[in-house]
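Containing mmCIF, C-alpha atoms: upload_3.cif.
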data_coords
#
loop_
_atom_site.group_PDB
_atom_site.id
_atom_site.type_symbol
_atom_site.label_atom_id
_atom_site.label_comp_id
_atom_site.auth_asym_id
_atom_site.auth_seq_id
_atom_site.Cartn_x
_atom_site.Cartn_y
_atom_site.Cartn_z
ATOM 1 C CA MET A 148 -70.482 205.062 148.324
ATOM 2 C CA ARG A 149 -73.210 202.437 147.622
ATOM 3 C CA ARG A 150 -73.673 199.811 150.285
ATOM 4 C CA PRO A 151 -73.499 196.175 149.123
ATOM 5 C CA ARG A 152 -76.674 194.213 149.534
ATOM 6 C CA THR A 153 -76.687 191.907 152.506
ATOM 7 C CA PRO A 154 -78.203 188.401 152.220
ATOM 8 C CA LEU A 155 -80.993 189.466 154.590
ATOM 9 C CA ARG A 156 -81.806 192.562 152.549
ATOM 10 C CA SER A 157 -81.859 190.547 149.307
ATOM 11 C CA ALA A 158 -84.145 187.943 150.896
ATOM 12 C CA VAL A 159 -86.551 190.652 152.083
ATOM 13 C CA LEU A 160 -86.653 192.269 148.616
ATOM 14 C CA THR A 161 -87.263 188.877 147.002
ATOM 15 C CA ALA A 162 -90.066 188.132 149.454
ATOM 16 C CA VAL A 163 -91.711 191.503 148.762
ATOM 17 C CA VAL A 164 -91.544 190.972 144.991
ATOM 18 C CA LEU A 165 -92.997 187.454 145.314
ATOM 19 C CA LEU A 166 -95.773 188.760 147.559
ATOM 20 C CA LEU A 167 -96.686 191.434 145.028
ATOM 21 C CA LEU A 168 -96.715 188.891 142.186
ATOM 22 C CA LEU A 169 -98.876 186.480 144.196
ATOM 23 C CA SER A 170 -101.282 189.285 145.107
ATOM 24 C CA ALA A 171 -101.591 190.311 141.464
ATOM 25 C CA ASP A 172 -102.132 186.681 140.437
ATOM 26 C CA TYR A 173 -104.771 186.224 143.155
ATOM 27 C CA GLY A 174 -106.574 189.432 142.158
ATOM 28 C CA ALA A 175 -106.565 188.547 138.464
ATOM 29 C CA ARG A 176 -107.928 185.075 139.209
ATOM 30 C CA HIS A 177 -110.888 186.351 141.209
ATOM 31 C CA TYR A 178 -111.614 189.117 138.730
ATOM 32 C CA GLU A 179 -111.800 186.655 135.840
ATOM 33 C CA GLU A 180 -113.826 184.165 137.879
ATOM 34 C CA ALA A 181 -116.445 186.867 138.391
ATOM 35 C CA ARG A 182 -116.423 187.808 134.687
ATOM 36 C CA VAL A 183 -116.830 184.196 133.557
ATOM 37 C CA ALA A 184 -119.583 183.607 136.137
ATOM 38 C CA ARG A 185 -121.546 186.624 134.865
ATOM 39 C CA SER A 186 -121.133 185.474 131.258
ATOM 40 C CA ILE A 187 -122.408 181.993 132.107
ATOM 41 C CA GLN A 188 -125.374 183.341 134.058
ATOM 42 C CA THR A 189 -126.448 185.739 131.293
ATOM 43 C CA SER A 190 -125.888 183.414 128.367
ATOM 44 C CA LEU A 191 -127.446 180.310 129.933
ATOM 45 C CA GLN A 192 -130.251 182.356 131.543
ATOM 46 C CA LEU A 193 -129.580 181.058 135.041
ATOM 47 C CA ARG A 194 -131.586 182.427 137.944
ATOM 48 C CA SER A 195 -128.489 183.002 140.044
ATOM 49 C CA GLU A 196 -124.824 183.552 139.330
ATOM 50 C CA PRO A 197 -122.914 180.248 139.260
ATOM 51 C CA SER A 198 -119.870 179.552 141.364
ATOM 52 C CA VAL A 199 -116.704 179.523 139.232
ATOM 53 C CA SER A 200 -113.225 178.558 140.448
ATOM 54 C CA LEU A 201 -110.332 178.766 137.988
ATOM 55 C CA HIS A 202 -107.131 176.902 138.805
ATOM 56 C CA GLY A 203 -103.654 177.259 137.377
ATOM 57 C CA PHE A 204 -100.336 178.854 138.291
ATOM 58 C CA PRO A 205 -99.117 181.324 137.397
ATOM 59 C CA PHE A 206 -102.696 182.288 136.552
ATOM 60 C CA ILE A 207 -101.889 185.493 134.648
ATOM 61 C CA SER A 208 -99.605 183.728 132.176
ATOM 62 C CA GLU A 209 -102.205 180.995 131.590
ATOM 63 C CA MET A 210 -104.888 183.614 130.950
ATOM 64 C CA ALA A 211 -102.614 185.383 128.471
ATOM 65 C CA ARG A 212 -102.371 182.123 126.495
ATOM 66 C CA GLY A 213 -106.129 181.506 126.628
ATOM 67 C CA GLU A 214 -105.645 178.318 128.627
ATOM 68 C CA ILE A 215 -106.646 177.279 132.135
ATOM 69 C CA SER A 216 -105.589 174.028 133.809
ATOM 70 C CA THR A 217 -108.869 173.243 135.549
ATOM 71 C CA ALA A 218 -112.164 174.935 136.370
ATOM 72 C CA ALA A 219 -114.870 174.036 138.867
ATOM 73 C CA ILE A 220 -118.349 175.314 138.020
ATOM 74 C CA ALA A 221 -121.457 174.898 140.168
ATOM 75 C CA THR A 222 -124.994 176.153 139.703
ATOM 76 C CA SER A 223 -128.163 175.527 141.695
ATOM 77 C CA SER A 224 -130.392 174.956 138.662
ATOM 78 C CA ILE A 225 -130.352 174.759 134.885
ATOM 79 C CA THR A 226 -133.228 173.950 132.528
ATOM 80 C CA ARG A 227 -132.911 172.292 129.153
ATOM 81 C CA GLY A 228 -136.162 171.693 127.319
ATOM 82 C CA SER A 229 -138.557 169.966 129.704
ATOM 83 C CA ALA A 230 -135.768 168.785 132.032
ATOM 84 C CA THR A 231 -134.550 170.807 135.016
ATOM 85 C CA PHE A 232 -131.274 169.825 136.694
ATOM 86 C CA SER A 233 -130.357 170.900 140.229
ATOM 87 C CA ASP A 234 -127.080 171.059 142.159
ATOM 88 C CA VAL A 235 -124.972 170.870 139.013
ATOM 89 C CA HIS A 236 -121.237 170.506 139.736
ATOM 90 C CA LEU A 237 -118.669 170.292 136.953
ATOM 91 C CA LEU A 238 -114.901 169.859 137.012
ATOM 92 C CA LEU A 239 -113.370 170.717 133.629
ATOM 93 C CA ARG A 240 -109.773 170.067 132.616
ATOM 94 C CA ASN A 241 -107.516 171.789 130.065
ATOM 95 C CA LEU A 242 -109.772 174.691 129.119
ATOM 96 C CA ARG A 243 -109.293 176.878 126.054
ATOM 97 C CA PHE A 244 -110.962 180.170 125.144
ATOM 98 C CA SER A 245 -110.463 183.365 123.135
ATOM 99 C CA VAL A 246 -108.430 185.893 125.127
ATOM 100 C CA ARG A 247 -109.641 188.732 122.895
ATOM 101 C CA ASP A 248 -113.290 187.779 123.400
ATOM 102 C CA LEU A 249 -112.776 187.538 127.160
ATOM 103 C CA PHE A 250 -111.260 190.998 127.519
ATOM 104 C CA ASN A 251 -113.853 192.477 125.157
ATOM 105 C CA GLY A 252 -116.600 191.098 127.379
ATOM 106 C CA HIS A 253 -118.019 188.879 124.608
ATOM 107 C CA LEU A 254 -116.768 185.421 125.530
ATOM 108 C CA ALA A 255 -118.605 183.068 123.154
ATOM 109 C CA ALA A 256 -117.460 179.656 124.342
ATOM 110 C CA ILE A 257 -115.186 177.759 126.699
ATOM 111 C CA HIS A 258 -113.805 174.464 125.398
ATOM 112 C CA ALA A 259 -112.366 171.724 127.603
ATOM 113 C CA ALA A 260 -110.559 168.478 126.876
ATOM 114 C CA ALA A 261 -112.520 166.454 129.439
ATOM 115 C CA GLY A 262 -114.376 166.635 132.705
ATOM 116 C CA ILE A 263 -116.634 164.977 135.222
ATOM 117 C CA GLY A 264 -119.636 166.132 137.185
ATOM 118 C CA THR A 265 -122.847 165.422 139.014
ATOM 119 C CA ALA A 266 -126.388 166.758 138.807
ATOM 120 C CA SER A 267 -129.724 165.886 140.321
ATOM 121 C CA MET A 268 -133.361 165.930 139.297
ATOM 122 C CA THR A 269 -135.834 166.488 142.110
ATOM 123 C CA THR A 270 -139.044 164.483 142.327
ATOM 124 C CA SER A 271 -141.052 167.422 140.988
ATOM 125 C CA SER A 272 -138.576 167.895 138.118
ATOM 126 C CA VAL A 273 -138.757 164.220 137.160
ATOM 127 C CA ASN A 274 -142.550 164.273 137.224
ATOM 128 C CA ALA A 275 -142.681 167.484 135.185
ATOM 129 C CA PHE A 276 -140.376 165.814 132.636
ATOM 130 C CA LEU A 277 -142.613 162.716 132.523
ATOM 131 C CA ARG A 278 -145.751 164.827 132.247
ATOM 132 C CA ALA A 279 -144.275 166.738 129.306
ATOM 133 C CA HIS A 280 -143.956 163.387 127.528
ATOM 134 C CA ASP A 281 -147.489 162.211 128.456
ATOM 135 C CA VAL A 282 -146.303 159.514 130.839
ATOM 136 C CA PRO A 283 -149.376 158.463 132.894
ATOM 137 C CA PHE A 284 -147.683 157.737 136.242
ATOM 138 C CA LYS A 285 -145.692 159.739 138.790
ATOM 139 C CA MET A 286 -142.444 158.931 140.554
ATOM 140 C CA ALA A 287 -141.209 159.270 144.120
ATOM 141 C CA PHE A 288 -137.717 158.663 145.542
ATOM 142 C CA LYS A 289 -137.059 157.689 149.132
ATOM 143 C CA GLY A 290 -134.310 155.864 150.938
ATOM 144 C CA GLY A 291 -132.459 155.030 147.742
ATOM 145 C CA HIS A 292 -135.545 153.460 146.140
ATOM 146 C CA ALA A 293 -137.762 154.566 143.247
ATOM 147 C CA ILE A 294 -141.535 154.194 143.440
ATOM 148 C CA ALA A 295 -144.108 154.662 140.677
ATOM 149 C CA ARG A 296 -147.770 155.400 141.220
ATOM 150 C CA LEU A 297 -150.461 155.569 138.516
ATOM 151 C CA GLY A 298 -152.805 157.744 140.576
ATOM 152 C CA PRO A 299 -153.423 158.947 144.148
ATOM 153 C CA LEU A 300 -155.589 155.916 144.889
ATOM 154 C CA ALA A 301 -153.375 153.360 143.163
ATOM 155 C CA ALA A 302 -150.917 151.186 145.066
ATOM 156 C CA PRO A 303 -147.242 152.213 144.779
ATOM 157 C CA VAL A 304 -145.024 150.004 142.634
ATOM 158 C CA ASP A 305 -141.282 149.515 143.030
ATOM 159 C CA ALA A 306 -139.547 150.877 139.944
ATOM 160 C CA ASP A 307 -136.214 150.300 138.273
ATOM 161 C CA VAL A 308 -134.762 153.601 137.005
ATOM 162 C CA THR A 309 -131.632 153.608 134.818
ATOM 163 C CA ILE A 310 -129.780 155.654 132.232
ATOM 164 C CA SER A 311 -128.893 154.056 128.903
ATOM 165 C CA ASN A 312 -127.561 155.817 125.794
ATOM 166 C CA GLY A 313 -128.648 159.156 127.208
ATOM 167 C CA SER A 314 -132.214 158.037 127.862
ATOM 168 C CA LEU A 315 -134.051 157.841 131.170
ATOM 169 C CA ARG A 316 -135.582 154.373 131.426
ATOM 170 C CA ILE A 317 -138.247 153.406 133.944
ATOM 171 C CA SER A 318 -139.650 149.918 134.431
ATOM 172 C CA ALA A 319 -142.328 149.440 137.092
ATOM 173 C CA GLY A 320 -144.237 146.164 137.168
ATOM 174 C CA SER A 321 -147.356 146.218 134.986
ATOM 175 C CA LEU A 322 -147.034 149.951 134.276
ATOM 176 C CA PRO A 323 -145.900 150.886 130.766
ATOM 177 C CA ALA A 324 -142.105 150.950 130.400
ATOM 178 C CA VAL A 325 -140.641 154.374 129.613
ATOM 179 C CA SER A 326 -137.522 155.385 127.667
ATOM 180 C CA LEU A 327 -137.089 159.143 127.229
ATOM 181 C CA PRO A 328 -133.962 160.938 125.921
ATOM 182 C CA LEU A 329 -132.593 163.400 128.457
ATOM 183 C CA PRO A 330 -131.337 166.673 126.956
ATOM 184 C CA ALA A 331 -127.683 167.449 127.625
ATOM 185 C CA ALA A 332 -126.986 170.358 129.941
ATOM 186 C CA PHE A 333 -123.969 171.270 127.778
ATOM 187 C CA GLN A 334 -122.477 170.134 124.489
ATOM 188 C CA GLY A 335 -120.238 167.115 125.069
ATOM 189 C CA VAL A 336 -122.020 165.903 128.218
ATOM 190 C CA THR A 337 -123.100 162.273 128.495
ATOM 191 C CA TYR A 338 -124.849 160.537 131.378
ATOM 192 C CA GLY A 339 -123.198 157.730 133.289
ATOM 193 C CA SER A 340 -124.706 156.021 136.287
ATOM 194 C CA LEU A 341 -127.905 157.047 138.051
ATOM 195 C CA GLN A 342 -128.811 156.634 141.709
ATOM 196 C CA PRO A 343 -132.150 157.323 143.413
ATOM 197 C CA GLY A 344 -131.598 159.527 146.451
ATOM 198 C CA GLU A 345 -133.828 161.143 149.031
ATOM 199 C CA GLY A 346 -136.362 163.094 146.973
ATOM 200 C CA SER A 347 -134.214 163.159 143.848
ATOM 201 C CA LEU A 348 -132.282 161.273 141.195
ATOM 202 C CA ILE A 349 -128.498 161.711 141.241
ATOM 203 C CA LEU A 350 -126.884 161.711 137.797
ATOM 204 C CA ASP A 351 -123.221 161.007 137.127
ATOM 205 C CA LEU A 352 -121.905 163.156 134.263
ATOM 206 C CA ARG A 353 -119.095 162.381 131.844
ATOM 207 C CA LEU A 354 -117.686 165.158 129.670
ATOM 208 C CA ASP A 355 -115.703 164.494 126.499
ATOM 209 C CA HIS A 356 -114.461 167.716 124.881
ATOM 210 C CA PRO A 357 -117.400 169.652 126.369
ATOM 211 C CA THR A 358 -118.234 173.161 125.242
ATOM 212 C CA LEU A 359 -119.911 175.825 127.356
ATOM 213 C CA ASP A 360 -121.756 177.872 124.718
ATOM 214 C CA LEU A 361 -121.987 181.388 126.156
ATOM 215 C CA ARG A 362 -123.655 183.100 123.224
ATOM 216 C CA ARG A 363 -126.932 184.790 124.076
#
Please express what this file holds, its structure, as structure tokens.
Amino acid sequence: MRRPRTPLRSAVLTAVVLLLLLSADYGARHYEEARVARSIQTSLQLRSEPSVSLHGFPFISEMARGEISTAAIATSSITRGSATFSDVHLLLRNLRFSVRDLFNGHLAAIHAAAGIGTASMTTSSVNAFLRAHDVPFKMAFKGGHAIARLGPLAAPVDADVTISNGSLRISAGSLPAVSLPLPAAFQGVTYGSLQPGEGSLILDLRLDHPTLDLRR
């Protein structure tokens, strides 16, 4: 004769099933994070594998639909043209991608509805960018201030550094004013505010329907 299930036995069985489902969801999340990170590194030719965190629950069902609620992506460096960005951090919302491409290992693109982020340009990166555009002076950033210098023997000049319509603008006393378009790290990225830091410029990123193009 079959024993009836007791409330305690039913609760234990339910807990075991939930634990197995959560473990599978956790494993699938980390597996796909690693796959996406490798795709981004290879396709964008990054020196190191980026950090990728995918968020959504239940994760497996979201993956099956080709949709993820949010994703956090961070990379130490990315170069676009003559501009090199460091400490890039992105938070993307409402991501869409091809499930078939993902499982075939040929993910071409990740699309998002919106996002925010930050990036920095070190002093050497800024000066390399200026040099590539034949700007005659160099920049330095210290204590939240920007300083321009025409040569090693010239006196330093306080500079005003801003971002406007995607262009880096520098005004420093009698030195020639500069306005240079900054290349976008990704499609759909625009630059917001800019703040001189200690040895770098900190850029505020705004993302409107950004696309991570992962094609080689």
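Excluding A:Ala324 and any residue on its chain fewer than 3 positions from it, the residues at most 10 Å away by all atoms listed in the file are Val282, Ala306, Asp307, Arg316, Ile317, Ser318, Ala319, Gly320 and Ser321 of chain A.
Here atom CA of A:Leu348 is placed at a distance of 10.9 Å from atom CA of A:Ile310.
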- For A:Asp355, which residue among A:Ile263, A:Ala295, A:Leu341, A:Ala287 is the nearest when counting all atoms listed in the file?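 Result for the nearest residue to A:Asp355: A:Ile263.
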Evaluate the PyMOL selection byres ((chain A and resi 340) around 7) and report residues as a PDB file with C-alpha atoms, in the frame of the given file:
ATOM      1  CA  ILE A 310    -129.780 155.654 132.232  1.00  0.00           C
ATOM      2  CA  TYR A 338    -124.849 160.537 131.378  1.00  0.00           C
ATOM      3  CA  GLY A 339    -123.198 157.730 133.289  1.00  0.00           C
ATOM      4  CA  LEU A 341    -127.905 157.047 138.051  1.00  0.00           C
ATOM      5  CA  GLN A 342    -128.811 156.634 141.709  1.00  0.00           C
ATOM      6  CA  LEU A 350    -126.884 161.711 137.797  1.00  0.00           C
ATOM      7  CA  ASP A 351    -123.221 161.007 137.127  1.00  0.00           C
TER       8      ASP A 351
END
- Query: In terms of the shortest atom-to-atom distance over only C-alpha atoms, which of A:Gly290, A:Gly262, A:Pro197, A:Gly228 is closest to A:Ala184?
  - Reply: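 Checking each of A:Gly290, A:Gly262, A:Pro197, A:Gly228 against A:Ala184, counting only C-alpha atoms, the winner is A:Pro197.
Of the residues under consideration (A:Lys285, A:Arg182, A:Ile225, A:Ala293), A:Lys285 shows the shortest atom-to-atom contact distance to A:Ser271 when counting all atoms listed in the file.
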- Task: Could you check how far atom CA of A:His292 sits from atom CA of A:Pro328, in Å to one decimal?
- Result: 21.6 Å
Please enclose the listed atoms of stretch 237-251 of chain A in an axis-aligned box, pad each side by 8 Å, and write out the centre and the three edge lengths in Å, rounded to one decimal, as JSON.
{"center_x": -113.1, "center_y": 181.2, "center_z": 130.0, "size_x": 27.2, "size_y": 38.6, "size_z": 30.1}
- Task: Any chance you could resolve the PyMOL selection byres ((chain A and resi 337) around 7) against this file and give the residues as JSON, numbers by chain?
- Result: {"A": [313, 331, 335, 336, 338, 339, 352, 353, 354]}
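Evaluated against this file, the PyMOL selection byres ((chain A and resi 229-231) around 9) yields A:Ser224, A:Ile225, A:Thr226, A:Arg227, A:Gly228, A:Phe232, A:Ser233, A:Ser267, A:Met268, A:Thr269, A:Ser272, A:Val273, A:Ala275, A:Phe276, A:Leu277, A:Ala279, A:His280, A:Leu329, A:Pro330.
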- Task: Find the spatial neighbours of A:Leu238, counting all atoms listed in the file, within a cut-off of 9 Å - ignore same-chain residues fewer than 3 positions away - and output them as JSON, numbers by chain.
- Result: {"A": [217, 218, 219, 220, 221, 261, 262, 263, 264]}
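Every protein, DNA or RNA residue with an atom at most 8 Å from A:Glu214, where all atoms listed in the file count and chain neighbours fewer than 4 positions away do not, is listed here: Glu209, Met210, Asn241, Leu242, Arg243 and Phe244 of chain A.
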Would you export the selected residues with C-alpha atoms as a PDB file, in the coordinates of the input, please?
ATOM      1  CA  GLU A 209    -102.205 180.995 131.590  1.00  0.00           C
ATOM      2  CA  MET A 210    -104.888 183.614 130.950  1.00  0.00           C
ATOM      3  CA  ASN A 241    -107.516 171.789 130.065  1.00  0.00           C
ATOM      4  CA  LEU A 242    -109.772 174.691 129.119  1.00  0.00           C
ATOM      5  CA  ARG A 243    -109.293 176.878 126.054  1.00  0.00           C
ATOM      6  CA  PHE A 244    -110.962 180.170 125.144  1.00  0.00           C
TER       7      PHE A 244
END
